[in-house]
file coords.pdb (PDB, C-alpha atoms)
ATOM      1  CA  MET A   1       0.000   0.000   0.000  1.00  0.00           C
ATOM      2  CA  GLU A   2       1.467   3.303  -1.056  1.00  0.00           C
ATOM      3  CA  ALA A   3       1.633   6.160   1.418  1.00  0.00           C
ATOM      4  CA  VAL A   4       0.792   9.612   0.146  1.00  0.00           C
ATOM      5  CA  GLY A   5       2.495  11.688   2.844  1.00  0.00           C
ATOM      6  CA  PRO A   6       5.272  11.701   5.421  1.00  0.00           C
ATOM      7  CA  GLY A   7       5.574   8.409   7.248  1.00  0.00           C
ATOM      8  CA  THR A   8       5.100   9.797  10.745  1.00  0.00           C
ATOM      9  CA  CYS A   9       2.784  12.691   9.895  1.00  0.00           C
ATOM     10  CA  GLY A  10      -0.089  13.053  12.310  1.00  0.00           C
ATOM     11  CA  GLY A  11       1.034  10.478  14.821  1.00  0.00           C
ATOM     12  CA  GLY A  12       0.746   7.489  12.536  1.00  0.00           C
ATOM     13  CA  GLY A  13       1.238   3.864  13.391  1.00  0.00           C
ATOM     14  CA  ALA A  14       5.031   4.191  13.299  1.00  0.00           C
ATOM     15  CA  ALA A  15       5.091   6.606  16.226  1.00  0.00           C
ATOM     16  CA  LEU A  16       6.273   4.151  18.868  1.00  0.00           C
ATOM     17  CA  GLY A  17       8.396   4.821  21.906  1.00  0.00           C
ATOM     18  CA  ALA A  18      10.297   2.546  24.252  1.00  0.00           C
ATOM     19  CA  GLU A  19       9.121  -1.064  24.555  1.00  0.00           C
ATOM     20  CA  GLY A  20       6.853  -0.673  21.532  1.00  0.00           C
ATOM     21  CA  ARG A  21       4.397   1.616  23.334  1.00  0.00           C
ATOM     22  CA  PRO A  22       2.948   4.677  21.554  1.00  0.00           C
ATOM     23  CA  ALA A  23       5.176   7.734  21.855  1.00  0.00           C
ATOM     24  CA  PRO A  24       3.952  10.504  24.190  1.00  0.00           C
ATOM     25  CA  GLU A  25       2.914  12.701  21.263  1.00  0.00           C
ATOM     26  CA  ALA A  26       0.842   9.884  19.769  1.00  0.00           C
ATOM     27  CA  ARG A  27      -0.943   9.409  23.088  1.00  0.00           C
ATOM     28  CA  VAL A  28      -1.743  13.132  23.249  1.00  0.00           C
ATOM     29  CA  HIS A  29      -3.097  13.103  19.704  1.00  0.00           C
ATOM     30  CA  PHE A  30      -5.220  10.064  20.542  1.00  0.00           C
ATOM     31  CA  ARG A  31      -6.788  11.803  23.543  1.00  0.00           C
ATOM     32  CA  VAL A  32      -7.390  15.068  21.686  1.00  0.00           C
ATOM     33  CA  THR A  33      -8.960  13.428  18.632  1.00  0.00           C
ATOM     34  CA  ARG A  34     -11.183  11.416  20.964  1.00  0.00           C
ATOM     35  CA  PHE A  35     -12.288  14.781  22.366  1.00  0.00           C
ATOM     36  CA  ILE A  36     -12.983  16.014  18.819  1.00  0.00           C
ATOM     37  CA  MET A  37     -15.130  12.964  18.088  1.00  0.00           C
ATOM     38  CA  GLU A  38     -17.119  13.112  21.316  1.00  0.00           C
ATOM     39  CA  ALA A  39     -17.597  16.870  21.118  1.00  0.00           C
ATOM     40  CA  GLY A  40     -18.602  16.562  17.473  1.00  0.00           C
ATOM     41  CA  VAL A  41     -21.295  14.026  18.323  1.00  0.00           C
ATOM     42  CA  LYS A  42     -22.640  16.253  21.112  1.00  0.00           C
ATOM     43  CA  LEU A  43     -22.693  19.174  18.685  1.00  0.00           C
ATOM     44  CA  GLY A  44     -24.772  17.121  16.248  1.00  0.00           C
ATOM     45  CA  MET A  45     -22.062  17.005  13.584  1.00  0.00           C
ATOM     46  CA  ARG A  46     -22.222  14.430  10.830  1.00  0.00           C
ATOM     47  CA  SER A  47     -19.436  11.889  10.354  1.00  0.00           C
ATOM     48  CA  ILE A  48     -17.744  13.732   7.456  1.00  0.00           C
ATOM     49  CA  PRO A  49     -17.368  17.080   9.312  1.00  0.00           C
ATOM     50  CA  ILE A  50     -15.985  15.221  12.340  1.00  0.00           C
ATOM     51  CA  ALA A  51     -13.506  13.415  10.099  1.00  0.00           C
ATOM     52  CA  THR A  52     -12.515  16.745   8.531  1.00  0.00           C
ATOM     53  CA  ALA A  53     -11.940  18.248  11.989  1.00  0.00           C
ATOM     54  CA  CYS A  54      -9.642  15.347  12.888  1.00  0.00           C
ATOM     55  CA  ALA A  55      -7.771  15.675   9.585  1.00  0.00           C
ATOM     56  CA  ILE A  56      -7.309  19.430  10.092  1.00  0.00           C
ATOM     57  CA  TYR A  57      -5.974  18.801  13.604  1.00  0.00           C
ATOM     58  CA  HIS A  58      -3.503  16.136  12.458  1.00  0.00           C
ATOM     59  CA  LYS A  59      -2.358  18.171   9.467  1.00  0.00           C
ATOM     60  CA  PHE A  60      -1.728  21.203  11.666  1.00  0.00           C
ATOM     61  CA  PHE A  61       0.556  19.229  13.970  1.00  0.00           C
ATOM     62  CA  CYS A  62       2.382  17.823  10.972  1.00  0.00           C
ATOM     63  CA  GLU A  63       3.600  21.390  10.475  1.00  0.00           C
ATOM     64  CA  ILE A  64       3.824  22.654  14.066  1.00  0.00           C
ATOM     65  CA  ASP A  65       5.457  21.177  17.188  1.00  0.00           C
ATOM     66  CA  LEU A  66       2.992  19.870  19.732  1.00  0.00           C
ATOM     67  CA  ASP A  67       4.459  22.058  22.483  1.00  0.00           C
ATOM     68  CA  ALA A  68       3.886  25.262  20.513  1.00  0.00           C
ATOM     69  CA  TYR A  69       0.112  25.508  21.044  1.00  0.00           C
ATOM     70  CA  ASP A  70      -2.573  24.067  23.287  1.00  0.00           C
ATOM     71  CA  PRO A  71      -3.798  21.000  21.355  1.00  0.00           C
ATOM     72  CA  TYR A  72      -7.314  21.276  22.775  1.00  0.00           C
ATOM     73  CA  LEU A  73      -7.604  24.869  21.561  1.00  0.00           C
ATOM     74  CA  VAL A  74      -6.469  23.697  18.126  1.00  0.00           C
ATOM     75  CA  ALA A  75      -9.077  20.922  18.358  1.00  0.00           C
ATOM     76  CA  MET A  76     -11.855  23.400  19.148  1.00  0.00           C
ATOM     77  CA  SER A  77     -10.779  25.598  16.252  1.00  0.00           C
ATOM     78  CA  SER A  78     -10.639  22.523  14.003  1.00  0.00           C
ATOM     79  CA  LEU A  79     -14.260  21.731  14.876  1.00  0.00           C
ATOM     80  CA  TYR A  80     -15.265  25.299  14.123  1.00  0.00           C
ATOM     81  CA  LEU A  81     -13.369  25.350  10.818  1.00  0.00           C
ATOM     82  CA  ALA A  82     -14.584  21.890   9.763  1.00  0.00           C
ATOM     83  CA  GLY A  83     -18.156  23.068  10.218  1.00  0.00           C
ATOM     84  CA  LYS A  84     -17.507  25.821   7.687  1.00  0.00           C
ATOM     85  CA  VAL A  85     -15.658  23.555   5.245  1.00  0.00           C
ATOM     86  CA  GLU A  86     -18.406  20.909   5.264  1.00  0.00           C
ATOM     87  CA  GLU A  87     -21.256  23.447   5.402  1.00  0.00           C
ATOM     88  CA  GLN A  88     -22.465  22.432   8.834  1.00  0.00           C
ATOM     89  CA  HIS A  89     -21.810  25.688  10.602  1.00  0.00           C
ATOM     90  CA  LEU A  90     -21.351  25.717  14.370  1.00  0.00           C
ATOM     91  CA  ARG A  91     -21.638  28.545  16.840  1.00  0.00           C
ATOM     92  CA  THR A  92     -18.526  29.206  18.876  1.00  0.00           C
ATOM     93  CA  ARG A  93     -20.742  29.467  21.954  1.00  0.00           C
ATOM     94  CA  ASP A  94     -21.932  25.876  21.428  1.00  0.00           C
ATOM     95  CA  ILE A  95     -18.370  24.622  20.956  1.00  0.00           C
ATOM     96  CA  ILE A  96     -17.274  26.380  24.148  1.00  0.00           C
ATOM     97  CA  ASN A  97     -20.178  25.027  26.201  1.00  0.00           C
ATOM     98  CA  VAL A  98     -19.765  21.456  24.933  1.00  0.00           C
ATOM     99  CA  SER A  99     -16.013  21.604  25.562  1.00  0.00           C
ATOM    100  CA  ASN A 100     -16.513  23.022  29.042  1.00  0.00           C
ATOM    101  CA  ARG A 101     -18.986  20.252  29.858  1.00  0.00           C
ATOM    102  CA  TYR A 102     -16.523  17.669  28.479  1.00  0.00           C
ATOM    103  CA  PHE A 103     -13.781  18.793  30.884  1.00  0.00           C
ATOM    104  CA  HIS A 104     -16.120  19.717  33.759  1.00  0.00           C
ATOM    105  CA  PRO A 105     -19.134  17.364  33.560  1.00  0.00           C
ATOM    106  CA  ASP A 106     -20.885  18.857  36.595  1.00  0.00           C
ATOM    107  CA  SER A 107     -20.454  22.494  35.632  1.00  0.00           C
ATOM    108  CA  GLU A 108     -23.079  24.914  34.350  1.00  0.00           C
ATOM    109  CA  PRO A 109     -22.805  26.620  30.931  1.00  0.00           C
ATOM    110  CA  LEU A 110     -20.308  29.454  31.009  1.00  0.00           C
ATOM    111  CA  GLU A 111     -21.588  32.935  31.656  1.00  0.00           C
ATOM    112  CA  LEU A 112     -21.074  35.546  28.969  1.00  0.00           C
ATOM    113  CA  ASP A 113     -18.299  37.167  30.954  1.00  0.00           C
ATOM    114  CA  SER A 114     -14.742  38.180  30.136  1.00  0.00           C
ATOM    115  CA  ARG A 115     -13.510  34.584  30.373  1.00  0.00           C
ATOM    116  CA  PHE A 116     -16.042  33.449  27.774  1.00  0.00           C
ATOM    117  CA  TRP A 117     -15.159  36.226  25.331  1.00  0.00           C
ATOM    118  CA  GLU A 118     -11.436  35.582  25.749  1.00  0.00           C
ATOM    119  CA  LEU A 119     -11.961  31.926  24.917  1.00  0.00           C
ATOM    120  CA  ARG A 120     -14.128  32.796  21.937  1.00  0.00           C
ATOM    121  CA  ASP A 121     -11.480  35.175  20.611  1.00  0.00           C
ATOM    122  CA  SER A 122      -8.821  32.508  21.132  1.00  0.00           C
ATOM    123  CA  ILE A 123     -10.801  30.034  19.018  1.00  0.00           C
ATOM    124  CA  VAL A 124     -11.280  32.546  16.208  1.00  0.00           C
ATOM    125  CA  GLN A 125      -7.622  33.626  16.243  1.00  0.00           C
ATOM    126  CA  CYS A 126      -6.488  30.007  16.337  1.00  0.00           C
ATOM    127  CA  GLU A 127      -8.716  29.261  13.346  1.00  0.00           C
ATOM    128  CA  LEU A 128      -6.891  31.951  11.362  1.00  0.00           C
ATOM    129  CA  LEU A 129      -3.557  30.499  12.468  1.00  0.00           C
ATOM    130  CA  VAL A 130      -4.600  27.017  11.331  1.00  0.00           C
ATOM    131  CA  LEU A 131      -5.655  28.363   7.937  1.00  0.00           C
ATOM    132  CA  ARG A 132      -2.313  30.141   7.469  1.00  0.00           C
ATOM    133  CA  VAL A 133      -0.254  27.138   8.570  1.00  0.00           C
ATOM    134  CA  LEU A 134      -2.207  24.815   6.264  1.00  0.00           C
ATOM    135  CA  ARG A 135      -2.111  27.377   3.455  1.00  0.00           C
ATOM    136  CA  PHE A 136      -5.925  27.270   3.293  1.00  0.00           C
ATOM    137  CA  GLN A 137      -5.814  23.633   2.103  1.00  0.00           C
ATOM    138  CA  VAL A 138      -8.471  22.264   4.417  1.00  0.00           C
ATOM    139  CA  SER A 139     -10.555  20.067   2.080  1.00  0.00           C
ATOM    140  CA  PHE A 140     -10.013  16.320   2.275  1.00  0.00           C
ATOM    141  CA  GLN A 141     -11.122  13.217   0.431  1.00  0.00           C
ATOM    142  CA  HIS A 142     -12.410  10.835   3.087  1.00  0.00           C
ATOM    143  CA  PRO A 143     -12.820   7.035   2.801  1.00  0.00           C
ATOM    144  CA  HIS A 144     -16.487   7.087   3.868  1.00  0.00           C
ATOM    145  CA  LYS A 145     -18.054   7.170   0.402  1.00  0.00           C
ATOM    146  CA  TYR A 146     -15.729   4.417  -0.796  1.00  0.00           C
ATOM    147  CA  LEU A 147     -16.484   2.208   2.186  1.00  0.00           C
ATOM    148  CA  LEU A 148     -20.225   2.666   1.665  1.00  0.00           C
ATOM    149  CA  HIS A 149     -19.874   1.634  -1.985  1.00  0.00           C
ATOM    150  CA  TYR A 150     -17.684  -1.364  -1.111  1.00  0.00           C
ATOM    151  CA  LEU A 151     -20.087  -2.555   1.596  1.00  0.00           C
ATOM    152  CA  VAL A 152     -23.103  -2.402  -0.714  1.00  0.00           C
ATOM    153  CA  SER A 153     -21.210  -4.240  -3.439  1.00  0.00           C
ATOM    154  CA  LEU A 154     -19.844  -6.886  -1.084  1.00  0.00           C
ATOM    155  CA  LYS A 155     -23.249  -7.456   0.551  1.00  0.00           C
ATOM    156  CA  ASN A 156     -24.650  -8.457  -2.845  1.00  0.00           C
ATOM    157  CA  TRP A 157     -21.607 -10.632  -3.495  1.00  0.00           C
ATOM    158  CA  LEU A 158     -21.552 -12.590  -0.233  1.00  0.00           C
ATOM    159  CA  ASN A 159     -23.886 -15.275   1.001  1.00  0.00           C
ATOM    160  CA  ARG A 160     -26.901 -13.541   2.546  1.00  0.00           C
ATOM    161  CA  TYR A 161     -26.785 -15.590   5.746  1.00  0.00           C
ATOM    162  CA  SER A 162     -23.061 -15.014   6.245  1.00  0.00           C
ATOM    163  CA  TRP A 163     -23.630 -11.273   5.945  1.00  0.00           C
ATOM    164  CA  GLN A 164     -26.560 -11.222   8.374  1.00  0.00           C
ATOM    165  CA  ARG A 165     -24.782 -13.404  10.906  1.00  0.00           C
ATOM    166  CA  SER A 166     -21.654 -11.214  11.153  1.00  0.00           C
ATOM    167  CA  PRO A 167     -21.633  -7.446  11.930  1.00  0.00           C
ATOM    168  CA  VAL A 168     -19.059  -6.745   9.228  1.00  0.00           C
ATOM    169  CA  SER A 169     -20.601  -3.409   8.297  1.00  0.00           C
ATOM    170  CA  ILE A 170     -20.746  -2.100  11.881  1.00  0.00           C
ATOM    171  CA  THR A 171     -17.181  -3.213  12.550  1.00  0.00           C
ATOM    172  CA  ALA A 172     -15.822  -1.661   9.350  1.00  0.00           C
ATOM    173  CA  TRP A 173     -17.411   1.708  10.191  1.00  0.00           C
ATOM    174  CA  ALA A 174     -16.037   1.521  13.741  1.00  0.00           C
ATOM    175  CA  LEU A 175     -12.542   0.757  12.443  1.00  0.00           C
ATOM    176  CA  LEU A 176     -12.744   3.654  10.017  1.00  0.00           C
ATOM    177  CA  ARG A 177     -13.791   6.030  12.789  1.00  0.00           C
ATOM    178  CA  ASP A 178     -10.981   4.802  15.033  1.00  0.00           C
ATOM    179  CA  SER A 179      -8.414   5.308  12.262  1.00  0.00           C
ATOM    180  CA  TYR A 180      -8.840   9.069  12.702  1.00  0.00           C
ATOM    181  CA  HIS A 181      -7.225   8.878  16.139  1.00  0.00           C
ATOM    182  CA  GLY A 182      -3.938   8.829  14.218  1.00  0.00           C
ATOM    183  CA  GLY A 183      -2.649  10.242  10.962  1.00  0.00           C
ATOM    184  CA  LEU A 184      -3.677   7.459   8.565  1.00  0.00           C
ATOM    185  CA  CYS A 185      -6.110   9.851   6.896  1.00  0.00           C
ATOM    186  CA  LEU A 186      -3.136  11.932   5.745  1.00  0.00           C
ATOM    187  CA  ARG A 187      -0.719   9.113   4.953  1.00  0.00           C
ATOM    188  CA  PHE A 188      -2.810   6.874   2.674  1.00  0.00           C
ATOM    189  CA  GLN A 189      -5.337   7.269  -0.096  1.00  0.00           C
ATOM    190  CA  ALA A 190      -8.995   7.181   0.868  1.00  0.00           C
ATOM    191  CA  GLN A 191      -9.736   4.081  -1.269  1.00  0.00           C
ATOM    192  CA  HIS A 192      -6.931   2.146   0.393  1.00  0.00           C
ATOM    193  CA  ILE A 193      -8.097   2.977   3.908  1.00  0.00           C
ATOM    194  CA  ALA A 194     -11.659   1.961   3.045  1.00  0.00           C
ATOM    195  CA  VAL A 195     -10.644  -1.390   1.619  1.00  0.00           C
ATOM    196  CA  ALA A 196      -8.208  -2.012   4.496  1.00  0.00           C
ATOM    197  CA  VAL A 197     -10.832  -1.585   7.230  1.00  0.00           C
ATOM    198  CA  LEU A 198     -13.255  -3.755   5.266  1.00  0.00           C
ATOM    199  CA  HIS A 199     -10.629  -6.461   4.847  1.00  0.00           C
ATOM    200  CA  LEU A 200      -9.854  -6.353   8.575  1.00  0.00           C
ATOM    201  CA  ALA A 201     -13.557  -6.564   9.478  1.00  0.00           C
ATOM    202  CA  LEU A 202     -13.979  -9.639   7.261  1.00  0.00           C
ATOM    203  CA  GLN A 203     -10.942 -11.273   8.843  1.00  0.00           C
ATOM    204  CA  ALA A 204     -12.192 -10.510  12.357  1.00  0.00           C
ATOM    205  CA  TYR A 205     -15.345 -12.565  11.771  1.00  0.00           C
ATOM    206  CA  GLY A 206     -13.847 -15.182   9.473  1.00  0.00           C
ATOM    207  CA  VAL A 207     -16.069 -14.214   6.550  1.00  0.00           C
ATOM    208  CA  GLU A 208     -14.723 -15.471   3.225  1.00  0.00           C
ATOM    209  CA  VAL A 209     -15.442 -13.833  -0.111  1.00  0.00           C
ATOM    210  CA  PRO A 210     -16.932 -16.388  -2.556  1.00  0.00           C
ATOM    211  CA  ALA A 211     -14.596 -17.789  -5.204  1.00  0.00           C
ATOM    212  CA  GLU A 212     -11.646 -15.835  -3.805  1.00  0.00           C
ATOM    213  CA  ALA A 213      -9.348 -18.879  -4.034  1.00  0.00           C
ATOM    214  CA  GLU A 214     -10.135 -19.349  -7.739  1.00  0.00           C
ATOM    215  CA  ALA A 215      -9.944 -15.679  -8.661  1.00  0.00           C
ATOM    216  CA  GLU A 216      -6.998 -14.262 -10.596  1.00  0.00           C
ATOM    217  CA  LYS A 217      -6.775 -11.279  -8.229  1.00  0.00           C
ATOM    218  CA  PRO A 218      -7.689 -10.751  -4.570  1.00  0.00           C
ATOM    219  CA  TRP A 219     -11.129  -9.207  -4.163  1.00  0.00           C
ATOM    220  CA  TRP A 220      -9.721  -6.001  -2.720  1.00  0.00           C
ATOM    221  CA  GLN A 221      -7.708  -5.319  -5.873  1.00  0.00           C
ATOM    222  CA  ILE A 222     -10.949  -5.188  -7.847  1.00  0.00           C
ATOM    223  CA  TYR A 223     -12.061  -2.264  -5.716  1.00  0.00           C
ATOM    224  CA  THR A 224      -8.764  -0.407  -6.154  1.00  0.00           C
ATOM    225  CA  MET A 225      -7.971  -1.067  -9.824  1.00  0.00           C
ATOM    226  CA  ASP A 226      -7.660   2.666 -10.495  1.00  0.00           C
ATOM    227  CA  THR A 227      -5.010   3.064  -7.775  1.00  0.00           C
ATOM    228  CA  GLU A 228      -1.710   1.386  -7.113  1.00  0.00           C
ATOM    229  CA  ILE A 229      -1.404  -1.147  -4.312  1.00  0.00           C
ATOM    230  CA  PRO A 230       1.727  -3.281  -4.544  1.00  0.00           C
TER
END
call {"tool": "encode", "arguments": {"input": "coords.pdb", "output": "structure tokens"}}
result
Amino acid sequence: MEAVGPGTCGGGGAALGAEGRPAPEARVHFRVTRFIMEAGVKLGMRSIPIATACAIYHKFFCEIDLDAYDPYLVAMSSLYLAGKVEEQHLRTRDIINVSNRYFHPDSEPLELDSRFWELRDSIVQCELLVLRVLRFQVSFQHPHKYLLHYLVSLKNWLNRYSWQRSPVSITAWALLRDSYHGGLCLRFQAQHIAVAVLHLALQAYGVEVPAEAEAEKPWWQIYTMDTEIP
């Protein structure tokens, strides 16, 4: 599978520290992107805008050292910017209140005092910084549409009872969502990520594609004929 970006960009799978454990930066990125996903759900964001927010966050820290800026502020600005990019606009007040509740579950919504306005200004200024650092390249091709197409095609290809018995579809979507905790979305093409999570989901439940042994090519190469996978 051919990577399309730097090997360690965005805290990818190669970011390991001592004893094979994830490096400290990778653990931070994991926690912050989990915050993006949970906050996005509470804000009513669709899956594509949430994925875009994660991609913006990872791409920003491909260019900037983690210690340079508060990653959670960058995450909040990424949510705000992703809403604009994907035409699901969010109010900064909603982002602030959801974030405050995330970190302080028992707290009340913030009052419209000086602290609130300082945080709002920080989000807006950070958004401008992110746009400058990323040179306004904040649109991404996500694997979601490819995975949907592959799942529909494979459902018609497989035995109906095998498909109903195994939650391949649910697992593939969960794997795709989890992939955004790291930088895979920046390192590999969207088609390759989609077919990889589908392949892993099939393996997890021992579901075999009919006539795969007799076929000239593996089934996943049929889905990626227009791209190069060694």
call {"tool": "closest_residue", "arguments": {"input": "coords.pdb", "among": "A:Met76, A:Leu158, A:Leu151, A:Val98", "to": "Asp121 of chain A", "atoms": "all atoms listed in the file"}}
result
A:Met76
call {"tool": "atom_distance", "arguments": {"input": "coords.pdb", "atom1": "atom CA of Tyr102 of chain A", "atom2": "atom CA of Glu38 of chain A"}}
result
8.5 Å
call {"tool": "resolve_selection", "arguments": {"input": "coords.pdb", "expression": "the PyMOL selection byres ((chain A and resi 50-60) around 6)", "output": "PyMOL selection string"}}
result
chain A and resi 10+40+47-49+61-63+78-79+82
call {"tool": "closest_residue", "arguments": {"input": "coords.pdb", "among": "A:Leu43, A:Leu176, A:Val133, A:Leu119", "to": "Arg91 of chain A", "atoms": "all atoms listed in the file"}}
result
A:Leu43
call {"tool": "axis_aligned_box", "arguments": {"input": "coords.pdb", "around": "segment 146-163 of chain A", "padding_each_side": "3 Å", "output": "JSON"}}
result
{"center_x": -21.3, "center_y": -5.6, "center_z": 1.4, "size_x": 17.2, "size_y": 26.0, "size_z": 15.7}
call {"tool": "atom_distance", "arguments": {"input": "coords.pdb", "atom1": "atom CA of Gln137 of chain A", "atom2": "atom CA of Lys84 of chain A"}}
result
13.1 Å
call {"tool": "atom_distance", "arguments": {"input": "coords.pdb", "atom1": "atom CA of Ser107 of chain A", "atom2": "atom CA of Val124 of chain A"}}
result
23.7 Å
call {"tool": "resolve_selection", "arguments": {"input": "coords.pdb", "expression": "the PyMOL selection byres ((chain A and resi 199-206) around 7)", "output": "list of chain:residue names"}}
result
A:Ser166, A:Val168, A:Thr171, A:Ala172, A:Val195, A:Ala196, A:Val197, A:Leu198, A:Val207, A:Glu208
call {"tool": "closest_residue", "arguments": {"input": "coords.pdb", "among": "A:Tyr150, A:Asn97, A:Tyr80, A:Ser162", "to": "Glu127 of chain A", "atoms": "only C-alpha atoms"}}
result
A:Tyr80
call {"tool": "closest_residue", "arguments": {"input": "coords.pdb", "among": "A:Leu90, A:Leu110, A:Ala23, A:Val28", "to": "His181 of chain A", "atoms": "only C-alpha atoms"}}
result
A:Val28
call {"tool": "closest_residue", "arguments": {"input": "coords.pdb", "among": "A:Phe103, A:His149, A:Gly44, A:Ile96", "to": "Val32 of chain A", "atoms": "all atoms listed in the file"}}
result
A:Phe103
call {"tool": "closest_residue", "arguments": {"input": "coords.pdb", "among": "A:Thr33, A:Lys42, A:Ile170, A:Cys126", "to": "Leu148 of chain A", "atoms": "only C-alpha atoms"}}
result
A:Ile170
call {"tool": "build_atoms", "arguments": {"input": "coords.pdb", "residues": "segment 193-200 of chain A", "atoms": "all heavy atoms", "output": "compact mmCIF listing (two decimals), keeping the file's coordinate frame"}}
result
# COMPACT_ATOMS: atom_id res chain seq x y z
N ILE A 193 -7.65 3.07 2.52
CA ILE A 193 -8.10 2.98 3.91
C ILE A 193 -9.44 2.25 3.97
O ILE A 193 -9.66 1.39 4.83
CB ILE A 193 -8.20 4.37 4.54
CG1 ILE A 193 -6.82 5.03 4.62
CG2 ILE A 193 -8.82 4.29 5.93
CD1 ILE A 193 -6.84 6.46 5.12
N ALA A 194 -10.34 2.58 3.06
CA ALA A 194 -11.66 1.96 3.04
C ALA A 194 -11.56 0.46 2.84
O ALA A 194 -12.21 -0.33 3.54
CB ALA A 194 -12.53 2.59 1.96
N VAL A 195 -10.75 0.04 1.89
CA VAL A 195 -10.64 -1.39 1.62
C VAL A 195 -9.88 -2.11 2.74
O VAL A 195 -10.15 -3.27 3.04
CB VAL A 195 -9.98 -1.63 0.24
CG1 VAL A 195 -8.48 -1.69 0.32
CG2 VAL A 195 -10.53 -2.88 -0.42
N ALA A 196 -8.97 -1.41 3.40
CA ALA A 196 -8.21 -2.01 4.50
C ALA A 196 -9.10 -2.30 5.70
O ALA A 196 -9.03 -3.39 6.30
CB ALA A 196 -7.05 -1.10 4.90
N VAL A 197 -9.96 -1.35 6.07
CA VAL A 197 -10.83 -1.58 7.23
C VAL A 197 -11.87 -2.65 6.90
O VAL A 197 -12.25 -3.45 7.78
CB VAL A 197 -11.51 -0.27 7.70
CG1 VAL A 197 -10.47 0.73 8.16
CG2 VAL A 197 -12.41 0.33 6.64
N LEU A 198 -12.31 -2.71 5.65
CA LEU A 198 -13.26 -3.76 5.27
C LEU A 198 -12.60 -5.13 5.30
O LEU A 198 -13.18 -6.11 5.79
CB LEU A 198 -13.80 -3.46 3.86
CG LEU A 198 -14.81 -4.47 3.31
CD1 LEU A 198 -15.97 -4.68 4.27
CD2 LEU A 198 -15.32 -4.00 1.94
N HIS A 199 -11.38 -5.20 4.82
CA HIS A 199 -10.63 -6.46 4.85
C HIS A 199 -10.41 -6.92 6.29
O HIS A 199 -10.58 -8.12 6.60
CB HIS A 199 -9.29 -6.27 4.15
CG HIS A 199 -8.49 -7.53 4.00
ND1 HIS A 199 -7.55 -7.93 4.93
CD2 HIS A 199 -8.51 -8.49 3.04
CE1 HIS A 199 -7.01 -9.08 4.54
NE2 HIS A 199 -7.57 -9.44 3.40
N LEU A 200 -10.07 -6.01 7.17
CA LEU A 200 -9.85 -6.35 8.57
C LEU A 200 -11.15 -6.82 9.23
O LEU A 200 -11.16 -7.77 10.02
CB LEU A 200 -9.28 -5.16 9.33
CG LEU A 200 -8.94 -5.36 10.81
CD1 LEU A 200 -8.00 -6.54 10.99
CD2 LEU A 200 -8.32 -4.10 11.39
